[in-house]
>>> print(open('my_file-v4.cif').read())   # mmCIF, C-alpha atoms and all ligand atoms
data_start
#
loop_
_atom_site.label_atom_id
_atom_site.label_comp_id
_atom_site.auth_asym_id
_atom_site.auth_seq_id
_atom_site.Cartn_x
_atom_site.Cartn_y
_atom_site.Cartn_z
CA MET A 1 -6.56 -35.33 -2.95
CA LYS A 2 -9.20 -33.39 -1.06
CA VAL A 3 -8.29 -31.25 1.95
CA THR A 4 -10.71 -33.25 4.08
CA GLU A 5 -9.02 -36.50 2.97
CA HIS A 6 -5.62 -35.10 3.92
CA ILE A 7 -7.03 -34.26 7.36
CA LYS A 8 -8.57 -37.71 7.74
CA ASN A 9 -5.40 -39.49 6.63
CA ALA A 10 -3.33 -37.50 9.14
CA ASN A 11 -5.09 -39.39 11.97
CA GLY A 12 -5.14 -36.45 14.35
CA LYS A 13 -1.67 -35.14 13.48
CA THR A 14 -1.72 -31.40 12.74
CA LEU A 15 -0.78 -30.54 9.15
CA PHE A 16 1.10 -27.50 7.84
CA SER A 17 -0.25 -25.38 4.99
CA PHE A 18 -0.01 -21.85 3.71
CA GLU A 19 -1.60 -19.30 1.40
CA ILE A 20 0.12 -17.37 -1.34
CA ILE A 21 -0.90 -14.35 -3.41
CA PRO A 22 -0.34 -14.39 -7.20
CA PRO A 23 2.44 -12.02 -8.23
CA GLN A 24 1.70 -8.69 -9.89
CA LYS A 25 0.90 -9.02 -13.59
CA GLY A 26 4.17 -9.26 -15.57
CA SER A 27 6.25 -10.72 -12.72
CA SER A 28 8.05 -13.99 -13.15
CA ILE A 29 6.71 -17.10 -11.46
CA GLU A 30 10.30 -17.84 -10.39
CA ASP A 31 9.95 -15.22 -7.63
CA LEU A 32 6.96 -17.12 -6.34
CA TYR A 33 8.85 -20.41 -6.45
CA SER A 34 11.76 -18.91 -4.51
CA ASN A 35 9.31 -18.01 -1.74
CA ILE A 36 7.65 -21.41 -1.77
CA ASP A 37 10.84 -23.55 -2.04
CA PRO A 38 11.94 -23.00 1.60
CA LEU A 39 8.51 -24.10 2.88
CA MET A 40 8.29 -27.40 1.02
CA GLU A 41 10.48 -29.23 3.57
CA PHE A 42 7.48 -29.01 5.97
CA ASN A 43 5.40 -31.13 3.56
CA PRO A 44 2.31 -29.01 3.08
CA PRO A 45 -0.39 -31.30 1.67
CA PHE A 46 -2.04 -28.29 0.05
CA ILE A 47 -1.30 -24.65 -0.80
CA ASP A 48 -3.98 -21.96 -1.15
CA VAL A 49 -3.77 -19.40 -3.94
CA THR A 50 -5.82 -16.23 -3.52
CA THR A 51 -7.85 -14.51 -6.22
CA SER A 52 -7.81 -10.74 -6.47
CA ARG A 53 -10.76 -8.61 -7.36
CA GLU A 54 -10.72 -6.42 -10.42
CA GLU A 55 -9.90 -2.75 -9.85
CA TYR A 56 -10.04 0.52 -11.70
CA ILE A 57 -6.89 2.10 -13.13
CA TYR A 58 -6.69 5.59 -14.58
CA ILE A 59 -4.68 6.27 -17.76
CA GLU A 60 -3.93 9.81 -18.90
CA ARG A 61 -4.32 10.31 -22.64
CA ASP A 62 -2.16 12.71 -24.76
CA ASN A 63 -5.03 15.23 -24.83
CA GLY A 64 -5.12 15.32 -21.04
CA LEU A 65 -8.34 13.34 -20.69
CA ILE A 66 -8.26 10.40 -18.34
CA ASP A 67 -9.47 6.94 -19.27
CA ARG A 68 -10.81 4.69 -16.57
CA LYS A 69 -10.10 1.01 -17.23
CA ILE A 70 -10.90 -2.05 -15.24
CA THR A 71 -8.17 -4.63 -14.72
CA ARG A 72 -6.99 -7.41 -12.46
CA MET A 73 -3.50 -6.67 -11.10
CA ARG A 74 -2.81 -10.21 -9.88
CA PRO A 75 -4.42 -12.58 -12.37
CA GLY A 76 -3.45 -16.19 -12.92
CA THR A 77 -4.79 -18.02 -9.85
CA VAL A 78 -5.73 -21.22 -11.67
CA GLY A 79 -2.56 -21.19 -13.81
CA ILE A 80 -0.44 -20.82 -10.66
CA CYS A 81 -2.32 -23.67 -9.00
CA ALA A 82 -1.62 -25.91 -11.98
CA SER A 83 2.09 -24.91 -12.01
CA LEU A 84 2.50 -25.60 -8.30
CA GLN A 85 0.81 -28.99 -8.58
CA HIS A 86 3.12 -29.86 -11.45
CA LYS A 87 6.33 -28.53 -9.86
CA TYR A 88 5.86 -29.67 -6.26
CA ASN A 89 3.39 -32.53 -6.55
CA VAL A 90 1.19 -30.80 -3.99
CA ASP A 91 -2.56 -30.16 -3.96
CA THR A 92 -3.57 -26.58 -4.59
CA VAL A 93 -6.65 -24.66 -3.55
CA PRO A 94 -7.71 -21.76 -5.75
CA HIS A 95 -9.94 -19.16 -4.14
CA VAL A 96 -13.15 -18.56 -6.07
CA LEU A 97 -14.93 -15.23 -5.65
CA CYS A 98 -18.49 -13.98 -6.13
CA GLY A 99 -17.29 -10.41 -6.71
CA GLY A 100 -16.15 -9.71 -10.26
CA PHE A 101 -17.36 -12.98 -11.73
CA THR A 102 -20.60 -14.05 -13.35
CA LYS A 103 -21.95 -17.49 -12.54
CA GLU A 104 -20.98 -18.62 -16.05
CA GLU A 105 -17.38 -17.42 -15.59
CA THR A 106 -17.26 -19.29 -12.30
CA GLU A 107 -18.51 -22.42 -14.01
CA TYR A 108 -15.83 -22.14 -16.70
CA MET A 109 -13.14 -21.69 -14.05
CA LEU A 110 -14.38 -24.75 -12.19
CA ILE A 111 -14.33 -26.76 -15.41
CA ASP A 112 -10.71 -25.67 -15.98
CA CYS A 113 -9.96 -26.88 -12.45
CA GLN A 114 -11.57 -30.23 -13.14
CA TYR A 115 -9.41 -30.77 -16.22
CA LEU A 116 -6.29 -29.70 -14.32
CA GLY A 117 -6.94 -32.14 -11.49
CA ILE A 118 -7.60 -29.42 -8.92
CA GLU A 119 -9.95 -30.97 -6.37
CA ASN A 120 -10.33 -28.20 -3.79
CA VAL A 121 -11.61 -24.63 -3.84
CA VAL A 122 -12.30 -21.99 -1.21
CA ALA A 123 -15.58 -20.21 -1.98
CA LEU A 124 -15.67 -16.54 -0.97
CA ARG A 125 -17.80 -13.51 -1.53
CA GLY A 126 -14.83 -11.14 -1.93
CA ASP A 127 -14.61 -7.61 -0.58
CA ALA A 128 -16.08 -4.45 -2.01
CA MET A 129 -14.06 -2.88 -4.83
CA LYS A 130 -11.59 -0.26 -3.60
CA GLU A 131 -13.76 2.59 -4.83
CA GLU A 132 -16.89 1.23 -3.15
CA LYS A 133 -17.86 1.26 0.49
CA TYR A 134 -20.02 -1.85 0.40
CA PHE A 135 -19.90 -5.02 -1.64
CA ARG A 136 -22.07 -4.84 -4.74
CA PRO A 137 -22.79 -8.14 -6.46
CA THR A 138 -21.55 -8.40 -10.02
CA LYS A 139 -24.36 -8.53 -12.60
CA GLY A 140 -25.02 -12.21 -13.19
CA GLY A 141 -22.93 -13.19 -10.17
CA HIS A 142 -23.66 -14.18 -6.57
CA THR A 143 -24.40 -11.95 -3.58
CA TYR A 144 -23.18 -14.26 -0.81
CA ALA A 145 -20.61 -17.01 -0.56
CA SER A 146 -23.36 -19.49 0.41
CA GLU A 147 -24.84 -19.09 -3.09
CA LEU A 148 -21.45 -19.79 -4.64
CA VAL A 149 -21.08 -22.88 -2.44
CA ALA A 150 -24.51 -24.01 -3.69
CA GLN A 151 -23.38 -23.58 -7.31
CA ILE A 152 -20.25 -25.67 -6.73
CA PHE A 153 -22.23 -28.27 -4.81
CA SER A 154 -24.66 -28.57 -7.73
CA LEU A 155 -21.81 -28.89 -10.19
CA ASN A 156 -20.42 -31.68 -8.02
CA LYS A 157 -23.65 -33.54 -8.77
CA GLY A 158 -23.34 -32.88 -12.49
CA GLU A 159 -25.90 -30.05 -12.42
CA TYR A 160 -24.38 -27.28 -14.49
CA LEU A 161 -25.98 -23.84 -14.75
CA HIS A 162 -28.21 -24.42 -17.72
CA ASP A 163 -28.21 -28.17 -18.08
CA ALA A 164 -27.65 -31.31 -16.16
CA VAL A 165 -24.94 -33.47 -17.69
CA GLU A 166 -23.05 -36.45 -16.54
CA ASN A 167 -20.03 -35.34 -14.57
CA LEU A 168 -17.38 -36.28 -17.12
CA THR A 169 -14.44 -36.15 -14.73
CA GLY A 170 -16.15 -37.97 -11.92
CA LYS A 171 -14.34 -35.57 -9.61
CA GLU A 172 -16.06 -33.50 -6.98
CA PHE A 173 -14.69 -30.37 -5.39
CA CYS A 174 -13.99 -30.24 -1.70
CA ILE A 175 -15.26 -26.80 -0.67
CA GLY A 176 -13.68 -24.54 1.94
CA VAL A 177 -15.29 -21.36 3.26
CA ALA A 178 -14.14 -18.42 5.38
CA GLY A 179 -14.88 -18.04 9.09
CA TYR A 180 -14.19 -15.06 11.34
CA PRO A 181 -13.28 -15.62 15.02
CA GLU A 182 -13.74 -11.87 15.55
CA LYS A 183 -16.80 -11.80 13.26
CA HIS A 184 -16.92 -10.47 9.72
CA MET A 185 -16.62 -6.69 9.55
CA GLU A 186 -20.16 -6.24 8.22
CA ALA A 187 -21.86 -8.61 10.68
CA PRO A 188 -23.67 -6.98 13.59
CA SER A 189 -22.64 -9.79 15.98
CA LEU A 190 -20.62 -12.99 16.09
CA ASN A 191 -23.78 -15.07 16.48
CA TYR A 192 -25.31 -13.45 13.41
CA ASP A 193 -22.15 -14.16 11.42
CA LEU A 194 -22.05 -17.77 12.65
CA LYS A 195 -25.61 -18.23 11.47
CA TRP A 196 -24.45 -17.44 7.94
CA LEU A 197 -21.37 -19.61 8.35
CA LYS A 198 -23.76 -22.44 9.16
CA ALA A 199 -25.69 -21.57 5.98
CA LYS A 200 -22.47 -22.04 3.97
CA VAL A 201 -21.86 -25.42 5.57
CA ASP A 202 -25.49 -26.43 5.03
CA ALA A 203 -25.12 -25.43 1.36
CA GLY A 204 -22.26 -27.92 0.98
CA ALA A 205 -19.02 -26.54 2.47
CA ASP A 206 -16.64 -29.23 3.72
CA TYR A 207 -14.37 -27.18 5.94
CA VAL A 208 -13.77 -23.68 7.32
CA VAL A 209 -10.54 -21.62 7.22
CA THR A 210 -10.43 -18.65 9.55
CA GLN A 211 -9.38 -15.10 9.16
CA MET A 212 -6.09 -14.36 10.93
CA PHE A 213 -6.31 -13.74 14.67
CA PHE A 214 -3.67 -13.05 17.32
CA ASP A 215 -5.52 -14.13 20.46
CA ASN A 216 -6.14 -17.88 20.54
CA GLN A 217 -8.91 -17.45 23.10
CA LYS A 218 -11.01 -15.84 20.36
CA PHE A 219 -10.47 -18.87 18.14
CA PHE A 220 -11.36 -21.32 20.92
CA GLU A 221 -14.60 -19.44 21.67
CA PHE A 222 -15.41 -19.28 17.97
CA VAL A 223 -14.97 -23.03 17.57
CA GLU A 224 -17.06 -23.69 20.68
CA LYS A 225 -19.91 -21.50 19.43
CA ALA A 226 -19.70 -22.98 15.94
CA ARG A 227 -19.98 -26.50 17.38
CA GLU A 228 -22.95 -25.43 19.54
CA MET A 229 -24.65 -24.20 16.37
CA GLY A 230 -24.18 -27.57 14.73
CA ILE A 231 -21.18 -26.76 12.51
CA THR A 232 -19.29 -30.06 12.59
CA VAL A 233 -16.82 -29.67 9.70
CA PRO A 234 -13.06 -29.14 10.35
CA ILE A 235 -12.14 -25.58 11.33
CA ILE A 236 -8.63 -24.55 10.27
CA PRO A 237 -7.01 -21.56 12.02
CA GLY A 238 -5.29 -18.92 9.87
CA ILE A 239 -2.10 -17.43 11.33
CA LYS A 240 -0.08 -14.44 10.24
CA PRO A 241 3.23 -13.49 11.85
CA ILE A 242 3.42 -9.72 12.26
CA ALA A 243 6.37 -8.42 10.24
CA THR A 244 6.44 -4.62 10.33
CA LYS A 245 5.44 -1.83 12.70
CA ARG A 246 2.93 -0.71 10.09
CA HIS A 247 1.00 -3.94 10.65
CA LEU A 248 -0.19 -2.53 13.98
CA GLN A 249 -2.46 -0.17 12.07
CA LEU A 250 -2.79 -1.99 8.76
CA LEU A 251 -4.08 -5.37 9.98
CA PRO A 252 -6.88 -3.95 12.19
CA HIS A 253 -7.80 -1.52 9.41
CA VAL A 254 -7.96 -4.08 6.60
CA PHE A 255 -9.15 -7.17 8.46
CA LYS A 256 -11.08 -5.60 11.36
CA ILE A 257 -9.27 -7.65 13.98
CA ASP A 258 -7.90 -6.75 17.41
CA LEU A 259 -4.31 -7.18 18.54
CA PRO A 260 -3.53 -8.20 22.15
CA GLU A 261 -1.95 -5.50 24.35
CA ASP A 262 1.17 -7.63 25.00
CA LEU A 263 1.81 -7.95 21.29
CA ILE A 264 1.23 -4.23 20.69
CA ASP A 265 3.66 -3.37 23.51
CA ALA A 266 6.32 -5.78 22.23
CA VAL A 267 6.08 -4.43 18.67
CA THR A 268 6.05 -0.81 19.83
CA ALA A 269 9.22 -1.37 21.84
CA CYS A 270 11.12 -2.67 18.78
CA LYS A 271 13.94 -0.53 17.39
CA ASP A 272 13.44 -1.61 13.78
CA ASN A 273 11.46 -3.99 11.58
CA LYS A 274 14.08 -6.73 11.99
CA ALA A 275 13.19 -6.78 15.68
CA VAL A 276 9.47 -6.66 14.81
CA ARG A 277 9.85 -9.73 12.61
CA GLN A 278 11.42 -11.58 15.53
CA VAL A 279 8.56 -10.58 17.84
CA GLY A 280 6.07 -11.66 15.16
CA VAL A 281 7.75 -15.03 14.72
CA GLU A 282 7.88 -15.69 18.48
CA TRP A 283 4.22 -14.74 18.89
CA ALA A 284 3.19 -17.00 16.00
CA ILE A 285 5.23 -19.88 17.47
CA GLN A 286 3.45 -19.52 20.82
CA GLN A 287 0.08 -19.30 19.09
CA SER A 288 0.88 -22.36 16.95
CA LYS A 289 2.04 -24.44 19.93
CA GLU A 290 -1.17 -23.72 21.82
CA LEU A 291 -3.31 -24.46 18.76
CA LEU A 292 -1.39 -27.69 18.24
CA ASP A 293 -2.17 -28.74 21.83
CA TYR A 294 -5.81 -27.85 21.20
CA GLY A 295 -5.73 -30.35 18.33
CA VAL A 296 -6.39 -28.18 15.26
CA PRO A 297 -6.37 -30.23 12.04
CA VAL A 298 -4.10 -27.82 10.13
CA LEU A 299 -2.01 -24.76 10.95
CA HIS A 300 -2.54 -22.51 7.95
CA TYR A 301 -0.19 -19.55 7.50
CA TYR A 302 -0.74 -16.35 5.56
CA SER A 303 2.53 -15.74 3.70
CA MET A 304 1.52 -12.48 1.97
CA GLY A 305 4.42 -12.89 -0.42
CA LYS A 306 7.16 -13.56 2.18
CA SER A 307 8.19 -16.95 3.48
CA ASP A 308 11.22 -16.44 5.75
CA ASN A 309 9.11 -15.78 8.85
CA ILE A 310 6.74 -18.68 8.09
CA LYS A 311 9.79 -20.92 7.74
CA ALA A 312 11.07 -19.75 11.13
CA VAL A 313 7.70 -20.55 12.72
CA ALA A 314 7.32 -23.90 10.95
CA SER A 315 10.88 -24.92 11.96
CA ALA A 316 9.88 -24.54 15.61
CA ILE A 317 6.63 -26.48 15.23
CA PHE A 318 6.92 -29.19 12.58
P1 LIG B 1 -20.06 -14.27 3.12
O1 LIG B 1 -20.00 -15.59 3.78
O2 LIG B 1 -20.98 -14.13 1.96
O3 LIG B 1 -20.43 -13.20 4.25
C1 LIG B 1 -20.34 -11.81 3.98
C2 LIG B 1 -21.16 -11.04 5.01
O4 LIG B 1 -22.56 -11.22 4.78
C3 LIG B 1 -20.94 -11.48 6.47
O5 LIG B 1 -21.05 -10.34 7.28
C4 LIG B 1 -22.09 -12.45 6.74
O6 LIG B 1 -22.45 -12.47 8.12
C5 LIG B 1 -23.20 -11.86 5.88
N1 LIG B 1 -24.09 -12.84 5.25
C6 LIG B 1 -23.72 -14.01 4.67
N2 LIG B 1 -24.79 -14.59 4.07
C7 LIG B 1 -25.84 -13.75 4.28
C8 LIG B 1 -27.21 -13.77 3.88
N3 LIG B 1 -27.73 -14.77 3.15
N4 LIG B 1 -28.00 -12.72 4.26
C9 LIG B 1 -27.52 -11.69 4.99
N5 LIG B 1 -26.21 -11.63 5.38
C10 LIG B 1 -25.39 -12.64 5.02
N6 LIG B 1 -10.89 -12.03 -0.54
C11 LIG B 1 -10.49 -11.98 -1.82
O7 LIG B 1 -10.81 -11.01 -2.52
N7 LIG B 1 -9.70 -12.96 -2.36
C12 LIG B 1 -9.31 -14.04 -1.64
O8 LIG B 1 -8.62 -14.92 -2.17
C13 LIG B 1 -9.71 -14.13 -0.28
N8 LIG B 1 -9.36 -15.19 0.48
C14 LIG B 1 -9.79 -15.25 1.79
C15 LIG B 1 -9.46 -16.37 2.56
C16 LIG B 1 -9.88 -16.47 3.87
C17 LIG B 1 -9.52 -17.68 4.69
C18 LIG B 1 -10.65 -15.43 4.45
C19 LIG B 1 -11.07 -15.51 5.89
C20 LIG B 1 -10.99 -14.32 3.70
C21 LIG B 1 -10.58 -14.23 2.35
N9 LIG B 1 -10.93 -13.14 1.54
C22 LIG B 1 -10.52 -13.08 0.24
C23 LIG B 1 -11.73 -12.04 2.09
C24 LIG B 1 -13.26 -12.25 1.90
O9 LIG B 1 -13.57 -12.22 0.54
C25 LIG B 1 -13.96 -11.10 2.64
O10 LIG B 1 -13.79 -11.22 4.02
C26 LIG B 1 -15.43 -10.87 2.28
O11 LIG B 1 -15.78 -9.57 2.76
C27 LIG B 1 -16.40 -11.87 2.87
O12 LIG B 1 -16.31 -13.07 2.26
P2 LIG B 1 -17.14 -14.35 2.80
O13 LIG B 1 -16.93 -15.42 1.84
O14 LIG B 1 -16.84 -14.59 4.22
O15 LIG B 1 -18.64 -13.76 2.64
#
>>> encode(input="my_file-v4.cif", output="structure tokens")
Amino acid sequence: MKVTEHIKNANGKTLFSFEIIPPQKGSSIEDLYSNIDPLMEFNPPFIDVTTSREEYIYIERDNGLIDRKITRMRPGTVGICASLQHKYNVDTVPHVLCGGFTKEETEYMLIDCQYLGIENVVALRGDAMKEEKYFRPTKGGHTYASELVAQIFSLNKGEYLHDAVENLTGKEFCIGVAGYPEKHMEAPSLNYDLKWLKAKVDAGADYVVTQMFFDNQKFFEFVEKAREMGITVPIIPGIKPIATKRHLQLLPHVFKIDLPEDLIDAVTACKDNKAVRQVGVEWAIQQSKELLDYGVPVLHYYSMGKSDNIKAVASAIF
């Protein structure tokens, strides 16, 4: 079922969902299951599975020369989606990237999804490669997520890249896109960024999932501005419980988000990471309760490979 159908069928009740990251190449899927198992009691209607960009690795040869190879450390997004659907009878949402994929490769992936009964995707540009400062579009790929949305929207109508054929599956993708309550790191202002969010929705996106944030006020203002701009699709907040002291530097550095002073003080005062986890869980519970009262359609949690803290939050909310 489509994410938007799940939201509609919930009749105003807030749903629980979460995002997982594929394991490192070579790891067993059982580890992933053991992280997901404890969360299934909260009946997520859908689970997101991220896609990682390709990266360079350096291999030293016997003669001392170094080979540079390109690889994907966490492949298998679509395979994982299919496994989760099969094992848990849950809808899955693979993330589809512009970066690292040609339009043809994207089309093939979408066709795989159609055959596997995957009805939702989140369309993203992807970040720059680790070695690069700015995002460079892949040759034959898209520059912005709005172009990727347009490709998926066309495919929904049976218009493939080089030919128009009858849509054999009769299934259309429900398309999610990313939104940034604290603006995207490259955008000069929130209004500018929202203009491009609107372009994604106009190109065919059905809903928005936000970047993590720790101050609900920023989310409320973001939603208000988005509505003023004419973005009417559901906006799903993304929540991440802080889990280690290192997150105080890491999260602002990677995601270009601010942390509230109260949260910084509480984490700084912790003796160890066990105490930090507790602070993170309590903060996320408070955030979730307020968002629930606000009437968000879904509370979407970033698991980043760990589920015990998400379970603690979900137990207090659902
Ligand atoms: P876009 O919407 O294309 O926007 C990128 C930037 O360009 C923004 O600053 C925007 O304002 C600007 N812009 C957009 N369109 C135009 C235009 N036509 N002209 C000029 N400027 C424009 N990354 C991964 O690698 N894998 C994942 O699985 C993944 N999942 C994510 C899930 C969520 C919910 C979120 C919020 C992010 C996720 N990301 C993921 C990170 C995402 O790929 C990065 O944040 C990326 O830098 C931007 O992606 P986007 O789709 O928002 O890009």
>>> closest_residue(input="my_file-v4.cif", among="A:Ser315, A:Gln249, A:Thr106, A:Ser52", to="ligand LIG 1 (chain B)", atoms="all atoms listed in the file")
A:Ser52
>>> residues_near_ligand(input="my_file-v4.cif", ligand="ligand LIG 1 (chain B)", cutoff="8 Å", atoms="only C-alpha atoms and all ligand atoms", output="PyMOL selection string")
chain A and resi 21+49-53+94-97+99+122-128+135+143-146+177-180+183-188+192-197+199-200+208-212+238+255
>>> closest_residue(input="my_file-v4.cif", among="A:Pro297, A:Gly64, A:Gly230, A:Gly141", to="Val3 in chain A", atoms="only C-alpha atoms")
A:Pro297
>>> atom_distance(input="my_file-v4.cif", atom1="CA of Arg136 in chain A", atom2="CA of Arg74 in chain A")
20.6 Å
>>> atom_distance(input="my_file-v4.cif", atom1="CA of Ala243 in chain A", atom2="CA of Ala275 in chain A")
8.9 Å
>>> residues_near_point(input="my_file-v4.cif", point="(1.5, -4.6, 15.2)", cutoff="12 Å", atoms="all atoms listed in the file", output="count of residues only")
36
>>> atom_distance(input="my_file-v4.cif", atom1="CA of Leu291 in chain A", atom2="CA of Ile317 in chain A")
10.7 Å
>>> closest_residue(input="my_file-v4.cif", among="A:Ala10, A:Cys81, A:Val254, A:Leu116", to="Lys130 in chain A", atoms="all atoms listed in the file")
A:Val254
>>> closest_residue(input="my_file-v4.cif", among="A:Phe101, A:Tyr33, A:Tyr207, A:Tyr108", to="Gln85 in chain A", atoms="all atoms listed in the file")
A:Tyr33
>>> closest_residue(input="my_file-v4.cif", among="A:Tyr88, A:Phe213, A:Val201, A:Glu131", to="Lys256 in chain A", atoms="only C-alpha atoms")
A:Phe213
>>> closest_residue(input="my_file-v4.cif", among="A:Gly158, A:Glu221, A:Pro137, A:Gly76", to="Ile111 in chain A", atoms="all atoms listed in the file")
A:Gly158
>>> axis_aligned_box(input="my_file-v4.cif", around="range 99-109 of chain A", padding_each_side="4 Å", output="lines of an AutoDock Vina configuration file")
center_x = -17.5
center_y = -16.1
center_z = -11.7
size_x = 16.8
size_y = 20.7
size_z = 18.0
>>> residues_around(input="my_file-v4.cif", residues="Gln24 in chain A", least_positions_apart="4", cutoff="9 Å", atoms="only C-alpha atoms", output="ChimeraX atom specification")
/A:28,73-75
>>> residues_around(input="my_file-v4.cif", residues="Asn216 in chain A", least_positions_apart="3", cutoff="7 Å", atoms="all atoms listed in the file", output="VMD selection string")
chain A and resid 219 to 220 287
>>> decode(input="my_file-v4.cif", residues="range 17-29 of chain A", atoms="N, CA, C and O atoms", output="JSON list (two decimals), in the first residue's frame")
[["chain", "number", "residue", "atom", "x", "y", "z"],
["A", 17, "SER", "N", 6.81, 5.04, 12.15],
["A", 17, "SER", "CA", 7.66, 4.39, 11.14],
["A", 17, "SER", "C", 9.12, 4.70, 11.43],
["A", 17, "SER", "O", 9.42, 5.54, 12.28],
["A", 18, "PHE", "N", 9.99, 4.01, 10.75],
["A", 18, "PHE", "CA", 11.41, 4.25, 10.99],
["A", 18, "PHE", "C", 12.23, 3.97, 9.74],
["A", 18, "PHE", "O", 11.73, 3.40, 8.76],
["A", 19, "GLU", "N", 13.48, 4.41, 9.79],
["A", 19, "GLU", "CA", 14.40, 4.27, 8.66],
["A", 19, "GLU", "C", 15.57, 3.40, 9.09],
["A", 19, "GLU", "O", 16.08, 3.55, 10.18],
["A", 20, "ILE", "N", 15.97, 2.50, 8.22],
["A", 20, "ILE", "CA", 17.16, 1.69, 8.52],
["A", 20, "ILE", "C", 18.21, 1.88, 7.42],
["A", 20, "ILE", "O", 17.89, 2.29, 6.30],
["A", 21, "ILE", "N", 19.44, 1.55, 7.79],
["A", 21, "ILE", "CA", 20.56, 1.65, 6.85],
["A", 21, "ILE", "C", 20.99, 0.22, 6.49],
["A", 21, "ILE", "O", 21.12, -0.60, 7.40],
["A", 22, "PRO", "N", 21.18, -0.11, 5.22],
["A", 22, "PRO", "CA", 21.65, -1.47, 4.90],
["A", 22, "PRO", "C", 22.96, -1.77, 5.62],
["A", 22, "PRO", "O", 23.78, -0.87, 5.82],
["A", 23, "PRO", "N", 23.16, -3.02, 6.01],
["A", 23, "PRO", "CA", 24.41, -3.36, 6.71],
["A", 23, "PRO", "C", 25.61, -3.26, 5.77],
["A", 23, "PRO", "O", 25.44, -3.23, 4.55],
["A", 24, "GLN", "N", 26.79, -3.21, 6.35],
["A", 24, "GLN", "CA", 28.02, -3.20, 5.54],
["A", 24, "GLN", "C", 28.06, -4.47, 4.70],
["A", 24, "GLN", "O", 27.64, -5.54, 5.17],
["A", 25, "LYS", "N", 28.58, -4.33, 3.49],
["A", 25, "LYS", "CA", 28.72, -5.46, 2.57],
["A", 25, "LYS", "C", 29.32, -6.67, 3.31],
["A", 25, "LYS", "O", 30.30, -6.52, 4.04],
["A", 26, "GLY", "N", 28.74, -7.84, 3.17],
["A", 26, "GLY", "CA", 29.28, -9.04, 3.81],
["A", 26, "GLY", "C", 28.62, -9.36, 5.13],
["A", 26, "GLY", "O", 28.78, -10.46, 5.66],
["A", 27, "SER", "N", 27.87, -8.40, 5.71],
["A", 27, "SER", "CA", 27.22, -8.68, 6.99],
["A", 27, "SER", "C", 25.94, -9.47, 6.76],
["A", 27, "SER", "O", 25.31, -9.38, 5.71],
["A", 28, "SER", "N", 25.55, -10.20, 7.80],
["A", 28, "SER", "CA", 24.34, -11.01, 7.68],
["A", 28, "SER", "C", 23.10, -10.14, 7.85],
["A", 28, "SER", "O", 23.09, -9.20, 8.64],
["A", 29, "ILE", "N", 22.05, -10.51, 7.15],
["A", 29, "ILE", "CA", 20.79, -9.76, 7.29],
["A", 29, "ILE", "C", 20.15, -10.04, 8.64],
["A", 29, "ILE", "O", 19.29, -9.29, 9.11]]
